[in-house]
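Structure, as structure tokens:
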Amino acid sequence: MNEEGSGLARRCLAVIGARSEVGGTLSAPTAPVKRVAAALKLQDAAGATTGDRPMTANPMLVRDRFLLGTFASNCSGGMSVTKAPERWVNSWENNLALGRMLDAAGIDFMLPIARWIGYGGETDFHGGVLETITWAAGLLASTERIAVFATIHTAANNPVVAAKQIATIDQIGGGRAGLNIVAGWNKPEYEALGLTLPDDHPTRYRYAQEWFDVVRKLWDSPEPFDWDGEFFHLKAVKGDPAPVRGRVPIINAAGSGEGREFATRNADFLFTPAIDLARSRDEIAALKAQAEGKGREVDVLTFAHVVCRPTREEAAAFLSRTADEQADWAAVDNLVRLQFAHAQSFPHDLLKLIRDRMAAGHGGYPLVGTPEDVADGIAAIADAGFSGTTLSFVDYVAEFPYFRDTVLPLLEARGLRGSPPAVAA
């Protein structure tokens with residue numbers, strides 16, 4: 001939002017009398033007004049805290065287009081549970097090359113997975129993982145426009161430390177950081193870290209709620225404070241600095257009833273699979289109504305896997321080879337077993353379909369075919385009510401340029417994408 005647009009928006013809001021608070025109650029009468037008010041609130045919170053680096057528009061905050069990001073490039077194999085020789089190598093060099101490529105192309109965000117042990121099989125899928133906060137710090141320091149999220153497990157990260165880390169990387173990026181909150185589901189990881197995964201979802205989410213309440217108070221409170229809660233007992237803690245705008249965008253993946261209560265109460269974006277778009281349409285409407293019942297607006301994101309080639313035959317052949325003939329089925333079965341034993345992210349009545357898709361994109365929505373086919377698929381995701389999707393590739397750096405050159409222009413022609421946000425002067 002430029003200075004002229006910002007001034008006009010403020011005058012309109014003054015007439016309407018709208019008021020908003022990111023992460024809190026939104027009382028404006030319409031969704032567009034809510035988004036403008038939230039953006040202005042974040043701008044006002046910035047002050048002069050960015051130092052010599054200019055504050056940059058965070059594409060997750062003020063958006064007039066369908067959001068596109070990448071998912072899990074910090075993990076070995078990315079989102080492809082495959083033994084194919086060209087599978088993703090999650091080195092820092094590859095992630096840096098990808099981040100700069102995405103940034104130049106106007107892609108909106110990068111979202112990592114926080115993982116502490118792999119899924120076994122021949123490849124030990126996700127056995128190698130770049131830690132997400134330091135990964136985000138490096139990418140934010142090396143890019144200009146793209147938003148970069150850190151993924152944090154509440155049980156494994158003290159909220160006082162996490163609040164400081166997120167504020168610091170947001171300073172590094174001039175206001176482009178985001179936080180993906182994970183309440184916990186992977187029992188073997190808890191055991192590896194010497195932690196106990198509560199068997200019941202309510203306990204996990206009570207812990208996550210108090211964790212995030214502490215983080216928000218650290219960002220909000222100018223003075224030291226004590227905290228005496230169910231899970232945290234803190235003395236004279238203070239969060240300084242806060243994020244550039246006082247807040248960062250929040251993502252939360254939620255499938256259970258308790259998880260969706262948490263997400264609609266706290267997140268800006270709820271992250272959920274798109275297994276069946278007809279089913280997703282009703283699900284998104286229910287989630288938005290649930291958020292509106294709390295006086296909030298929450299957008300819904302999903303994830304998709306891209307195999308884009310000049311012909312459908314080429315795309316189908318590549319998918320068959322990497323996600324069937326060369327799939328790491330032992331790792332797939334371990335992944336499915338853990339997801340269904342300890343999480344409710346995927347619908348349990350669609351097990352067979354989900355298992356078939358797990359090798360190709362970790363269960364993500366398939367975008368397979370020619371550039372026109374892939375653009376049609378993204379348009380269908382948007383039509384179902386999603387505000388954006390992440391994209392994964394077997395090899396992100398090798399395959400994204402073809403997507404950039406062929407699919408992005410089609411999305412722009414259809415009005416789903418626009419010009420990337422500029423760096424503020």
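Here, A, B, ... name the chains of the structure tokens in the order displayed, residue numbers run from 1 inside each chain, and ligands are numbered from 1 in the same displayed order.
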
DSSP strand (DSSP E) selection over region 191-390 of chain A, as a count of residues only: 34

Just the residues within 7 Å of region 219-234 of chain A, please, counting only C-alpha atoms, with nothing from its chain fewer than 6 positions along; format it as number ranges by chain. A: 207, 242, 246

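Minimum atom-to-atom distance to Leu301 (chain A), evaluated using only C-alpha atoms, belongs to A:Leu67 out of A:Leu139, A:Leu67, A:Ala156, A:Ile107.
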
Can you measure CA of Arg176 (chain A) to CA of Asp299 (chain A) for me? One decimal in Å is fine.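 Going from CA of Arg176 (chain A) over to CA of Asp299 (chain A) covers 18.2 Å.
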
Sorted per-residue table, region 209-270 of chain A near region 386-398 of chain A, closest atoms and distance, 12 Å, only C-alpha atoms, as a tab-separated table:
```
residue	atom	partner	partner_atom	distance
A:Asp268	CA	A:Ser387	CA	11.1
A:Phe269	CA	A:Ser387	CA	8.7
A:Leu270	CA	A:Phe386	CA	9.9
```
